[in-house]
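J.: I am sharing work00.cif, which consists of mmCIF, C-alpha atoms; chains and numbers go by the auth columns:
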```
data_input
#
loop_
_atom_site.group_PDB
_atom_site.id
_atom_site.type_symbol
_atom_site.label_atom_id
_atom_site.label_comp_id
_atom_site.label_asym_id
_atom_site.label_seq_id
_atom_site.Cartn_x
_atom_site.Cartn_y
_atom_site.Cartn_z
_atom_site.B_iso_or_equiv
_atom_site.auth_seq_id
_atom_site.auth_asym_id
ATOM 1 C CA MET A 1 -36.258 8.174 30.838 0.00 1 V
ATOM 2 C CA ARG A 2 -38.592 7.753 27.886 0.00 2 V
ATOM 3 C CA PRO A 3 -38.699 4.319 26.202 0.00 3 V
ATOM 4 C CA LEU A 4 -36.391 3.772 23.249 0.00 4 V
ATOM 5 C CA ILE A 5 -38.455 2.737 20.213 0.00 5 V
ATOM 6 C CA GLY A 6 -36.701 1.001 17.330 0.00 6 V
ATOM 7 C CA ILE A 7 -37.919 1.804 13.813 0.00 7 V
ATOM 8 C CA PRO A 8 -36.446 -0.355 11.019 0.00 8 V
ATOM 9 C CA CYS A 9 -35.433 1.618 7.934 0.00 9 V
ATOM 10 C CA CYS A 10 -36.195 1.062 4.280 0.00 10 V
ATOM 11 C CA MET A 11 -33.422 1.119 1.710 0.00 11 V
ATOM 12 C CA LYS A 12 -34.231 3.882 -0.785 0.00 12 V
ATOM 13 C CA ALA A 13 -32.401 5.560 -3.636 0.00 13 V
ATOM 14 C CA PHE A 14 -31.955 9.321 -3.314 0.00 14 V
ATOM 15 C CA GLY A 15 -30.423 12.081 -5.378 0.00 15 V
ATOM 16 C CA ALA A 16 -29.184 12.374 -8.927 0.00 16 V
ATOM 17 C CA PHE A 17 -26.961 9.321 -8.549 0.00 17 V
ATOM 18 C CA ALA A 18 -29.594 7.171 -6.802 0.00 18 V
ATOM 19 C CA MET A 19 -27.371 6.636 -3.815 0.00 19 V
ATOM 20 C CA PRO A 20 -28.768 4.019 -1.393 0.00 20 V
ATOM 21 C CA ASN A 21 -30.043 5.560 1.836 0.00 21 V
ATOM 22 C CA HIS A 22 -31.517 4.124 5.015 0.00 22 V
ATOM 23 C CA ALA A 23 -34.785 6.008 5.485 0.00 23 V
ATOM 24 C CA VAL A 24 -37.925 6.297 7.631 0.00 24 V
ATOM 25 C CA SER A 25 -40.888 8.590 6.998 0.00 25 V
ATOM 26 C CA ASP A 26 -41.071 11.587 9.316 0.00 26 V
ATOM 27 C CA HIS A 27 -44.625 10.573 10.290 0.00 27 V
ATOM 28 C CA TYR A 28 -43.209 7.694 12.356 0.00 28 V
ATOM 29 C CA ILE A 29 -40.633 9.887 14.071 0.00 29 V
ATOM 30 C CA LYS A 30 -43.334 12.347 15.072 0.00 30 V
ATOM 31 C CA VAL A 31 -45.719 9.681 16.319 0.00 31 V
ATOM 32 C CA VAL A 32 -43.016 8.182 18.560 0.00 32 V
ATOM 33 C CA LEU A 33 -42.141 11.611 19.936 0.00 33 V
ATOM 34 C CA GLY A 34 -45.873 12.369 20.260 0.00 34 V
ATOM 35 C CA PRO A 35 -48.497 9.890 21.514 0.00 35 V
ATOM 36 C CA VAL A 36 -46.077 6.987 21.965 0.00 36 V
ATOM 37 C CA GLY A 37 -44.028 9.171 24.297 0.00 37 V
ATOM 38 C CA GLY A 38 -40.737 7.587 23.336 0.00 38 V
ATOM 39 C CA VAL A 39 -37.414 8.332 21.681 0.00 39 V
ATOM 40 C CA PRO A 40 -37.071 7.020 18.099 0.00 40 V
ATOM 41 C CA LEU A 41 -33.996 5.015 17.141 0.00 41 V
ATOM 42 C CA LEU A 42 -33.598 4.188 13.454 0.00 42 V
ATOM 43 C CA ILE A 43 -32.436 0.648 12.731 0.00 43 V
ATOM 44 C CA PRO A 44 -30.463 0.456 9.459 0.00 44 V
ATOM 45 C CA ALA A 45 -31.534 -2.107 6.886 0.00 45 V
ATOM 46 C CA ALA A 46 -28.229 -3.868 7.382 0.00 46 V
ATOM 47 C CA GLY A 47 -29.316 -7.433 8.046 0.00 47 V
ATOM 48 C CA GLU A 48 -29.880 -9.752 10.958 0.00 48 V
ATOM 49 C CA GLY A 49 -26.551 -9.241 12.701 0.00 49 V
ATOM 50 C CA VAL A 50 -27.003 -5.511 13.246 0.00 50 V
ATOM 51 C CA ALA A 51 -30.600 -6.013 14.371 0.00 51 V
ATOM 52 C CA GLU A 52 -29.526 -8.571 16.980 0.00 52 V
ATOM 53 C CA GLU A 53 -27.001 -6.108 18.402 0.00 53 V
ATOM 54 C CA ILE A 54 -29.552 -3.310 18.628 0.00 54 V
ATOM 55 C CA LEU A 55 -32.530 -5.271 19.998 0.00 55 V
ATOM 56 C CA PRO A 56 -31.326 -5.609 23.630 0.00 56 V
ATOM 57 C CA ARG A 57 -31.085 -1.822 23.829 0.00 57 V
ATOM 58 C CA LEU A 58 -34.692 -1.205 22.790 0.00 58 V
ATOM 59 C CA ASP A 59 -37.955 -0.899 24.716 0.00 59 V
ATOM 60 C CA GLY A 60 -40.318 -1.285 21.761 0.00 60 V
ATOM 61 C CA LEU A 61 -40.396 -2.045 18.039 0.00 61 V
ATOM 62 C CA LEU A 62 -42.451 -0.061 15.515 0.00 62 V
ATOM 63 C CA LEU A 63 -42.716 -1.639 12.046 0.00 63 V
ATOM 64 C CA THR A 64 -43.656 0.903 9.414 0.00 64 V
ATOM 65 C CA GLY A 65 -45.465 1.009 6.125 0.00 65 V
ATOM 66 C CA SER A 66 -43.585 1.373 2.838 0.00 66 V
ATOM 67 C CA ARG A 67 -44.122 1.385 -0.918 0.00 67 V
ATOM 68 C CA SER A 68 -42.033 -1.762 -1.216 0.00 68 V
ATOM 69 C CA ASN A 69 -43.472 -5.259 -0.846 0.00 69 V
ATOM 70 C CA VAL A 70 -42.177 -8.291 1.021 0.00 70 V
ATOM 71 C CA GLN A 71 -40.297 -10.621 -1.319 0.00 71 V
ATOM 72 C CA PRO A 72 -42.593 -13.493 -2.436 0.00 72 V
ATOM 73 C CA GLY A 73 -39.884 -16.110 -1.936 0.00 73 V
ATOM 74 C CA LEU A 74 -40.120 -15.525 1.806 0.00 74 V
ATOM 75 C CA TYR A 75 -43.665 -16.916 1.890 0.00 75 V
ATOM 76 C CA ALA A 76 -43.561 -19.264 -1.138 0.00 76 V
ATOM 77 C CA GLY A 77 -45.624 -16.861 -3.214 0.00 77 V
ATOM 78 C CA PRO A 78 -45.548 -16.319 -6.990 0.00 78 V
ATOM 79 C CA PRO A 79 -43.081 -13.737 -8.348 0.00 79 V
ATOM 80 C CA HIS A 80 -44.163 -10.114 -8.254 0.00 80 V
ATOM 81 C CA LEU A 81 -45.235 -8.461 -11.466 0.00 81 V
ATOM 82 C CA GLU A 82 -42.428 -6.575 -13.199 0.00 82 V
ATOM 83 C CA GLY A 83 -41.914 -3.159 -11.629 0.00 83 V
ATOM 84 C CA THR A 84 -43.225 -4.100 -8.190 0.00 84 V
ATOM 85 C CA PRO A 85 -40.922 -2.448 -5.638 0.00 85 V
ATOM 86 C CA GLU A 86 -39.093 -4.788 -3.260 0.00 86 V
ATOM 87 C CA ASP A 87 -36.636 -4.148 -0.445 0.00 87 V
ATOM 88 C CA PRO A 88 -34.590 -7.284 0.305 0.00 88 V
ATOM 89 C CA ASP A 89 -32.351 -5.391 2.755 0.00 89 V
ATOM 90 C CA ARG A 90 -35.347 -4.444 4.860 0.00 90 V
ATOM 91 C CA ASP A 91 -36.748 -7.991 4.681 0.00 91 V
ATOM 92 C CA ALA A 92 -33.413 -9.401 5.841 0.00 92 V
ATOM 93 C CA THR A 93 -33.480 -7.040 8.818 0.00 93 V
ATOM 94 C CA THR A 94 -37.101 -7.001 9.927 0.00 94 V
ATOM 95 C CA LEU A 95 -38.147 -10.646 9.769 0.00 95 V
ATOM 96 C CA PRO A 96 -35.497 -11.972 12.187 0.00 96 V
ATOM 97 C CA LEU A 97 -35.959 -8.831 14.296 0.00 97 V
ATOM 98 C CA ILE A 98 -39.680 -9.548 14.646 0.00 98 V
ATOM 99 C CA ARG A 99 -39.057 -13.122 15.754 0.00 99 V
ATOM 100 C CA ALA A 100 -36.426 -12.036 18.269 0.00 100 V
ATOM 101 C CA ALA A 101 -38.620 -9.250 19.684 0.00 101 V
ATOM 102 C CA LEU A 102 -41.563 -11.611 20.147 0.00 102 V
ATOM 103 C CA ALA A 103 -39.320 -14.181 21.810 0.00 103 V
ATOM 104 C CA THR A 104 -38.321 -11.641 24.458 0.00 104 V
ATOM 105 C CA GLY A 105 -41.792 -10.147 24.947 0.00 105 V
ATOM 106 C CA MET A 106 -40.792 -6.676 23.761 0.00 106 V
ATOM 107 C CA PRO A 107 -43.835 -4.559 22.779 0.00 107 V
ATOM 108 C CA LEU A 108 -44.371 -4.545 19.022 0.00 108 V
ATOM 109 C CA LEU A 109 -46.705 -2.500 16.817 0.00 109 V
ATOM 110 C CA ALA A 110 -46.813 -3.306 13.093 0.00 110 V
ATOM 111 C CA ILE A 111 -48.325 -0.975 10.473 0.00 111 V
ATOM 112 C CA CYS A 112 -49.207 -1.806 6.827 0.00 112 V
ATOM 113 C CA ARG A 113 -46.040 -3.394 5.345 0.00 113 V
ATOM 114 C CA GLY A 114 -44.998 -4.044 8.915 0.00 114 V
ATOM 115 C CA PHE A 115 -48.229 -5.990 9.449 0.00 115 V
ATOM 116 C CA GLN A 116 -47.471 -8.071 6.375 0.00 116 V
ATOM 117 C CA GLU A 117 -43.918 -8.642 7.637 0.00 117 V
ATOM 118 C CA LEU A 118 -45.299 -9.809 10.979 0.00 118 V
ATOM 119 C CA ASN A 119 -47.449 -12.397 9.228 0.00 119 V
ATOM 120 C CA VAL A 120 -44.626 -13.632 7.000 0.00 120 V
ATOM 121 C CA ALA A 121 -42.157 -13.760 9.898 0.00 121 V
ATOM 122 C CA LEU A 122 -44.518 -16.108 11.744 0.00 122 V
ATOM 123 C CA GLY A 123 -45.210 -18.347 8.739 0.00 123 V
ATOM 124 C CA GLY A 124 -48.198 -16.751 6.991 0.00 124 V
ATOM 125 C CA THR A 125 -48.713 -15.810 3.347 0.00 125 V
ATOM 126 C CA LEU A 126 -49.715 -12.673 1.442 0.00 126 V
ATOM 127 C CA ASP A 127 -52.108 -11.754 -1.341 0.00 127 V
ATOM 128 C CA GLN A 128 -50.539 -9.665 -4.098 0.00 128 V
ATOM 129 C CA ARG A 129 -52.427 -6.897 -5.894 0.00 129 V
ATOM 130 C CA ILE A 130 -55.668 -7.374 -3.998 0.00 130 V
ATOM 131 C CA GLN A 131 -57.452 -5.132 -6.505 0.00 131 V
ATOM 132 C CA ASP A 132 -56.936 -7.797 -9.197 0.00 132 V
ATOM 133 C CA LEU A 133 -58.536 -10.603 -7.168 0.00 133 V
ATOM 134 C CA PRO A 134 -62.202 -11.540 -7.761 0.00 134 V
ATOM 135 C CA GLY A 135 -64.644 -9.836 -5.415 0.00 135 V
ATOM 136 C CA ARG A 136 -62.017 -7.666 -3.732 0.00 136 V
ATOM 137 C CA LEU A 137 -61.804 -3.904 -3.286 0.00 137 V
ATOM 138 C CA ASP A 138 -59.037 -1.666 -4.567 0.00 138 V
ATOM 139 C CA HIS A 139 -57.191 -0.914 -1.323 0.00 139 V
ATOM 140 C CA SER A 140 -54.494 1.154 -3.006 0.00 140 V
ATOM 141 C CA THR A 141 -54.146 4.880 -3.517 0.00 141 V
ATOM 142 C CA PRO A 142 -52.456 6.127 -6.721 0.00 142 V
ATOM 143 C CA VAL A 143 -48.863 7.118 -5.974 0.00 143 V
ATOM 144 C CA ASP A 144 -49.327 10.306 -7.990 0.00 144 V
ATOM 145 C CA GLN A 145 -52.293 11.462 -5.912 0.00 145 V
ATOM 146 C CA ALA A 146 -51.321 15.041 -5.061 0.00 146 V
ATOM 147 C CA LEU A 147 -54.066 15.808 -2.537 0.00 147 V
ATOM 148 C CA PRO A 148 -52.974 14.646 0.947 0.00 148 V
ATOM 149 C CA ARG A 149 -56.529 14.526 2.295 0.00 149 V
ATOM 150 C CA VAL A 150 -57.539 12.202 -0.520 0.00 150 V
ATOM 151 C CA ARG A 151 -54.393 10.102 -0.311 0.00 151 V
ATOM 152 C CA THR A 152 -54.518 9.537 3.449 0.00 152 V
ATOM 153 C CA GLY A 153 -58.208 10.119 4.229 0.00 153 V
ATOM 154 C CA LYS A 154 -60.702 7.482 5.344 0.00 154 V
ATOM 155 C CA ALA A 155 -61.297 5.047 2.478 0.00 155 V
ATOM 156 C CA HIS A 156 -63.626 2.389 3.883 0.00 156 V
ATOM 157 C CA ALA A 157 -64.972 0.991 7.135 0.00 157 V
ATOM 158 C CA ILE A 158 -63.791 -2.152 8.896 0.00 158 V
ATOM 159 C CA ARG A 159 -65.552 -4.585 11.212 0.00 159 V
ATOM 160 C CA VAL A 160 -63.740 -5.133 14.513 0.00 160 V
ATOM 161 C CA SER A 161 -64.114 -8.110 16.822 0.00 161 V
ATOM 162 C CA PRO A 162 -65.565 -6.948 20.150 0.00 162 V
ATOM 163 C CA GLU A 163 -63.413 -9.609 21.834 0.00 163 V
ATOM 164 C CA GLY A 164 -60.071 -8.564 20.324 0.00 164 V
ATOM 165 C CA ARG A 165 -57.133 -6.507 21.543 0.00 165 V
ATOM 166 C CA LEU A 166 -58.286 -3.393 19.698 0.00 166 V
ATOM 167 C CA ALA A 167 -61.655 -3.497 21.436 0.00 167 V
ATOM 168 C CA ARG A 168 -59.858 -3.628 24.781 0.00 168 V
ATOM 169 C CA LEU A 169 -57.592 -0.755 23.839 0.00 169 V
ATOM 170 C CA TRP A 170 -60.516 1.353 22.671 0.00 170 V
ATOM 171 C CA ALA A 171 -62.683 0.736 25.745 0.00 171 V
ATOM 172 C CA GLY A 172 -64.312 3.967 26.902 0.00 172 V
ATOM 173 C CA LEU A 173 -64.062 5.666 23.496 0.00 173 V
ATOM 174 C CA ALA A 174 -66.981 6.346 21.170 0.00 174 V
ATOM 175 C CA TRP A 175 -66.841 3.748 18.388 0.00 175 V
ATOM 176 C CA SER A 176 -68.854 0.936 16.815 0.00 176 V
ATOM 177 C CA PRO A 177 -67.314 -2.503 16.165 0.00 177 V
ATOM 178 C CA ASP A 178 -69.469 -2.778 13.036 0.00 178 V
ATOM 179 C CA SER A 179 -68.048 0.317 11.344 0.00 179 V
ATOM 180 C CA VAL A 180 -64.635 1.832 12.059 0.00 180 V
ATOM 181 C CA PRO A 181 -63.453 4.113 9.221 0.00 181 V
ATOM 182 C CA VAL A 182 -59.814 3.698 8.158 0.00 182 V
ATOM 183 C CA ASN A 183 -57.518 4.876 5.386 0.00 183 V
ATOM 184 C CA SER A 184 -56.150 2.423 2.822 0.00 184 V
ATOM 185 C CA LEU A 185 -52.778 2.595 1.037 0.00 185 V
ATOM 186 C CA HIS A 186 -51.757 -0.951 0.183 0.00 186 V
ATOM 187 C CA ASN A 187 -51.725 -3.435 -2.696 0.00 187 V
ATOM 188 C CA GLN A 188 -50.837 -6.525 -0.702 0.00 188 V
ATOM 189 C CA GLY A 189 -52.437 -7.997 2.389 0.00 189 V
ATOM 190 C CA VAL A 190 -52.572 -11.003 4.663 0.00 190 V
ATOM 191 C CA ALA A 191 -53.795 -14.099 2.788 0.00 191 V
ATOM 192 C CA ARG A 192 -53.298 -17.074 5.115 0.00 192 V
ATOM 193 C CA PRO A 193 -52.692 -15.853 8.662 0.00 193 V
ATOM 194 C CA ALA A 194 -49.699 -17.343 10.449 0.00 194 V
ATOM 195 C CA PRO A 195 -50.615 -19.970 13.069 0.00 195 V
ATOM 196 C CA ARG A 196 -50.051 -17.505 15.933 0.00 196 V
ATOM 197 C CA LEU A 197 -51.650 -14.513 14.246 0.00 197 V
ATOM 198 C CA VAL A 198 -55.277 -13.987 15.321 0.00 198 V
ATOM 199 C CA PRO A 199 -57.318 -11.747 12.961 0.00 199 V
ATOM 200 C CA GLU A 200 -59.624 -9.286 14.676 0.00 200 V
ATOM 201 C CA ALA A 201 -60.662 -6.747 12.028 0.00 201 V
ATOM 202 C CA TRP A 202 -61.860 -7.109 8.424 0.00 202 V
ATOM 203 C CA ALA A 203 -62.620 -4.869 5.442 0.00 203 V
ATOM 204 C CA PRO A 204 -65.958 -5.313 3.607 0.00 204 V
ATOM 205 C CA ASP A 205 -64.259 -7.651 1.088 0.00 205 V
ATOM 206 C CA GLY A 206 -62.819 -9.846 3.835 0.00 206 V
ATOM 207 C CA THR A 207 -59.292 -8.415 3.774 0.00 207 V
ATOM 208 C CA ILE A 208 -57.743 -8.830 7.221 0.00 208 V
ATOM 209 C CA GLU A 209 -57.162 -5.365 8.663 0.00 209 V
ATOM 210 C CA ALA A 210 -55.789 -6.116 12.133 0.00 210 V
ATOM 211 C CA ALA A 211 -54.526 -8.994 14.250 0.00 211 V
ATOM 212 C CA HIS A 212 -52.652 -9.805 17.426 0.00 212 V
ATOM 213 C CA VAL A 213 -50.091 -12.485 18.186 0.00 213 V
ATOM 214 C CA GLU A 214 -51.599 -15.274 20.242 0.00 214 V
ATOM 215 C CA ASP A 215 -49.821 -16.075 23.516 0.00 215 V
ATOM 216 C CA ALA A 216 -47.368 -13.220 22.988 0.00 216 V
ATOM 217 C CA LYS A 217 -45.417 -12.351 26.118 0.00 217 V
ATOM 218 C CA GLY A 218 -46.174 -8.667 25.567 0.00 218 V
ATOM 219 C CA PHE A 219 -48.056 -6.201 23.378 0.00 219 V
ATOM 220 C CA ALA A 220 -47.975 -7.536 19.789 0.00 220 V
ATOM 221 C CA VAL A 221 -50.538 -5.948 17.445 0.00 221 V
ATOM 222 C CA GLY A 222 -50.614 -5.276 13.701 0.00 222 V
ATOM 223 C CA VAL A 223 -52.915 -3.072 11.614 0.00 223 V
ATOM 224 C CA GLN A 224 -53.184 -2.793 7.840 0.00 224 V
ATOM 225 C CA TRP A 225 -54.111 0.895 7.761 0.00 225 V
ATOM 226 C CA HIS A 226 -51.990 3.950 8.658 0.00 226 V
ATOM 227 C CA PRO A 227 -52.914 5.423 12.072 0.00 227 V
ATOM 228 C CA GLU A 228 -49.787 7.611 12.010 0.00 228 V
ATOM 229 C CA TYR A 229 -51.499 9.941 9.526 0.00 229 V
ATOM 230 C CA ASP A 230 -54.434 10.995 11.681 0.00 230 V
ATOM 231 C CA TRP A 231 -53.671 10.343 15.359 0.00 231 V
ATOM 232 C CA ALA A 232 -53.979 14.062 16.149 0.00 232 V
ATOM 233 C CA GLU A 233 -57.654 14.030 15.079 0.00 233 V
ATOM 234 C CA ASP A 234 -58.658 10.371 15.478 0.00 234 V
ATOM 235 C CA ALA A 235 -59.075 9.140 19.053 0.00 235 V
ATOM 236 C CA LEU A 236 -58.806 5.461 18.071 0.00 236 V
ATOM 237 C CA SER A 237 -55.486 5.989 16.309 0.00 237 V
ATOM 238 C CA ARG A 238 -54.162 8.015 19.214 0.00 238 V
ATOM 239 C CA ARG A 239 -55.202 5.368 21.770 0.00 239 V
ATOM 240 C CA LEU A 240 -53.419 2.673 19.752 0.00 240 V
ATOM 241 C CA PHE A 241 -50.129 4.580 19.956 0.00 241 V
ATOM 242 C CA GLU A 242 -50.633 5.593 23.583 0.00 242 V
ATOM 243 C CA SER A 243 -51.240 1.963 24.549 0.00 243 V
ATOM 244 C CA PHE A 244 -48.145 0.814 22.688 0.00 244 V
ATOM 245 C CA GLY A 245 -46.164 3.566 24.422 0.00 245 V
ATOM 246 C CA ALA A 246 -47.478 2.571 27.852 0.00 246 V
ATOM 247 C CA GLU A 247 -46.402 -1.011 27.268 0.00 247 V
ATOM 248 C CA ALA A 248 -42.977 0.170 26.102 0.00 248 V
ATOM 249 C CA CYS A 249 -42.678 2.196 29.321 0.00 249 V
ATOM 250 C CA ARG A 250 -43.556 -0.881 31.353 0.00 250 V
ATOM 251 C CA TRP A 251 -41.001 -2.943 29.441 0.00 251 V
ATOM 252 C CA ALA A 252 -38.374 -0.247 29.976 0.00 252 V
ATOM 253 C CA GLY A 253 -39.106 -0.232 33.688 0.00 253 V
ATOM 254 C CA GLN A 254 -38.651 -3.989 33.892 0.00 254 V
ATOM 255 C CA ARG A 255 -35.452 -3.850 31.860 0.00 255 V
ATOM 256 C CA ARG A 256 -33.997 -1.079 34.011 0.00 256 V
ATOM 257 C CA GLY A 257 -35.226 -2.502 37.296 0.00 257 V
ATOM 258 C CA THR A 258 -37.916 0.082 38.070 0.00 258 V
ATOM 259 C CA ALA A 259 -41.602 -0.761 38.523 0.00 259 V
ATOM 260 C CA THR A 260 -44.139 0.575 36.034 0.00 260 V
ATOM 261 C CA PRO A 261 -47.840 -0.370 36.276 0.00 261 V
ATOM 262 C CA ALA A 262 -49.264 -2.399 33.405 0.00 262 V
ATOM 263 C CA ILE A 263 -52.222 -1.214 31.366 0.00 263 V
ATOM 264 C CA ALA A 264 -55.288 -3.292 30.562 0.00 264 V
ATOM 265 C CA ALA A 265 -54.370 -3.817 26.907 0.00 265 V
ATOM 266 C CA GLU A 266 -53.509 -7.478 27.116 0.00 266 V
#
```
Do you think you could lay out the structure here as structure tokens?

T.:
Amino acid sequence: MRPLIGIPCCMKAFGAFAMPNHAVSDHYIKVVLGPVGGVPLLIPAAGEGVAEEILPRLDGLLLTGSRSNVQPGLYAGPPHLEGTPEDPDRDATTLPLIRAALATGMPLLAICRGFQELNVALGGTLDQRIQDLPGRLDHSTPVDQALPRVRTGKAHAIRVSPEGRLARLWAGLAWSPDSVPVNSLHNQGVARPAPRLVPEAWAPDGTIEAAHVEDAKGFAVGVQWHPEYDWAEDALSRRLFESFGAEACRWAGQRRGTATPAIAAE
């Protein structure tokens, strides 16, 4: 059996009457069915209680990107500027889910907003509107950008620690720790890392682009960019998902009482 990968939903308004819907981008469904090698299970943004019921049935947790931003009150930050999208239903679901998943050792991969959620869940803070901060780059892409290759293409390079989890995952591939090109579709980012969050990749302006959870019982990695957009062409993105999938398979084997060999990711 393939591992069951939980994907928390966003709460979004759809249709003429703006009816609330629980939604996940198709990119994440396809990446779970593809290089992760799992079966996606959508977790409704219905709060902590539902998440706690679903968690024991999962083999991995994939935290997605989103246009919405984590509520500032959850990390003692200043209020968002008027018009900044928030999703309190998702926040109420994902933050306790992250803590519970880490407590069990379930494999976890966090992307963009998910990376920010991981930091907040563990006690870190966020920068808002990085493009407005002195000396920082504009990491966002205009929402009305109609050209997909511009919107999701490589935007800048990052520096990666040769001692980090990503370097271990990417062993044997052709890459340079001094210059890994990534896309960039975010306004917020990690400001003060949580005590257990260990940064291991940085943009040219110092923005933290990746980290792992120190002393995690299992795979627990977050990235600020969007590897789900280019895994079919980018070997580093594909290896990230394959490694997460391998750890989910190992977790599933342990949970179901069958042996699965561990990979060298951790």

J.: Evaluate the PyMOL selection byres ((chain V and resi 8-10) around 6) on the structure here and hand back the selected residues as a PyMOL selection string.

T.: chain V and resi 7+11+22-24+42-45+90

J.: Can you pull out the residues contacting Gly77 of chain V? Cut-off 12 Å, using only C-alpha atoms, and skip same-chain residues under 3 positions away; I want them as an MDAnalysis selection string.

T.: chainID V and resid 70:74 80:81 120 124:128 188 191:192

J.: For the provided coordinates, the residues matched by the PyMOL selection byres ((chain V and resi 203) around 8) should be stated as a list of chain:residue names.

T.: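 Expected selection for the PyMOL selection byres ((chain V and resi 203) around 8) here is V:His156, V:Ala157, V:Ile158, V:Arg159, V:Ala201, V:Trp202, V:Pro204, V:Asp205, V:Gly206, V:Thr207, V:Ile208, V:Glu209.
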
J.: With all atoms listed in the file as the counted atoms, please give the residues lying no more than 12 Å from Leu97 of chain V, apart from itself and same-chain residues fewer than 6 positions off, as a CSV table (one decimal) with C-alpha atoms, in the frame of the given file.

T.:
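The resulting file, selection03.csv, is reproduced below:
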```csv
chain,number,residue,atom,x,y,z
V,6,GLY,CA,-36.7,1.0,17.3
V,7,ILE,CA,-37.9,1.8,13.8
V,8,PRO,CA,-36.4,-0.4,11.0
V,43,ILE,CA,-32.4,0.6,12.7
V,44,PRO,CA,-30.5,0.5,9.5
V,45,ALA,CA,-31.5,-2.1,6.9
V,46,ALA,CA,-28.2,-3.9,7.4
V,47,GLY,CA,-29.3,-7.4,8.0
V,48,GLU,CA,-29.9,-9.8,11.0
V,49,GLY,CA,-26.6,-9.2,12.7
V,50,VAL,CA,-27.0,-5.5,13.2
V,51,ALA,CA,-30.6,-6.0,14.4
V,52,GLU,CA,-29.5,-8.6,17.0
V,53,GLU,CA,-27.0,-6.1,18.4
V,54,ILE,CA,-29.6,-3.3,18.6
V,55,LEU,CA,-32.5,-5.3,20.0
V,56,PRO,CA,-31.3,-5.6,23.6
V,58,LEU,CA,-34.7,-1.2,22.8
V,60,GLY,CA,-40.3,-1.3,21.8
V,61,LEU,CA,-40.4,-2.0,18.0
V,62,LEU,CA,-42.5,-0.1,15.5
V,63,LEU,CA,-42.7,-1.6,12.0
V,90,ARG,CA,-35.3,-4.4,4.9
V,91,ASP,CA,-36.7,-8.0,4.7
V,103,ALA,CA,-39.3,-14.2,21.8
V,104,THR,CA,-38.3,-11.6,24.5
V,106,MET,CA,-40.8,-6.7,23.8
V,108,LEU,CA,-44.4,-4.5,19.0
V,114,GLY,CA,-45.0,-4.0,8.9
V,117,GLU,CA,-43.9,-8.6,7.6
V,118,LEU,CA,-45.3,-9.8,11.0
V,121,ALA,CA,-42.2,-13.8,9.9
V,122,LEU,CA,-44.5,-16.1,11.7
```

J.: Can you tell me, as a PyMOL selection string, what residues are no more than 8 Å from Gln131 of chain V when counting all atoms listed in the file, ignoring any on the same chain fewer than 4 positions away?

T.: chain V and resi 136-140+187

J.: Between atom CA of Leu166 of chain V and atom CA of Pro199 of chain V, what is the spacing in Å?

T.: 10.8 Å

J.: Taking (-53.5, 3.0, 24.0) in the file's own coordinates, collect the residues within 12 Å, counting all atoms listed in the file, and hand them back as an MDAnalysis selection string.

T.: chainID V and resid 35:37 109 165:173 219 221 231 235:248 262:266

J.: What is the distance, in Å and to one decimal place, between atom CA of Cys249 of chain V and atom CA of Ser176 of chain V?

T.: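 Separating atom CA of Cys249 of chain V from atom CA of Ser176 of chain V is a distance of 29.0 Å.
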
J.: Find the distance between atom CA of Leu197 of chain V and atom CA of Ala211 of chain V and write it in Å to one decimal.

T.: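 Computing it gives 6.2 Å between the two atoms.
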
J.: From the options V:Asp89, V:His186, V:Thr152, V:Gln116, which residue's atoms come nearest to Asn21 of chain V, counting all atoms listed in the file?

T.: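 Smallest distance to Asn21 of chain V is found for V:Asp89.
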
J.: Once the PyMOL selection byres ((chain V and resi 184) around 6) has been evaluated on this model, what residues remain selected, and can you format them as a list of chain:residue names?

T.: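 Applying the PyMOL selection byres ((chain V and resi 184) around 6) to the structure shown produces V:His139, V:Ala155, V:Asn183, V:Leu185, V:Trp225.
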
J.: Build an axis-aligned box that encloses every atom of segment 60-79 of chain V listed in the file, pad it by 3 Å on each side, and report its centre and edge lengths in Å to one decimal, as AutoDock Vina command-line options.

T.:
```
--center_x -42.8 --center_y -8.9 --center_z 6.7 --size_x 11.7 --size_y 26.6 --size_z 36.1
```

J.: For a quick check of understanding, using only C-alpha atoms, which of V:Ser179, V:Ser25, V:Asn119, V:Ser161 has the smallest distance to Ala194 of chain V?

T.: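 Using only C-alpha atoms, Ala194 of chain V sits closest to V:Asn119.
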
J.: Taking all atoms listed in the file into account, name the residue in V:Ala18, V:Val39, V:Leu102, V:Ile29 that is nearest to Lys217 of chain V.

T.: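 So, comparing all the options, the nearest one is V:Leu102.
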
J.: My list of candidates is V:Thr141, V:Val213, V:Pro227, V:Arg57. Which is closest to Val182 of chain V when distances are computed with all atoms listed in the file?

T.: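 Answer, going by the shortest atom-to-atom distance: V:Pro227.
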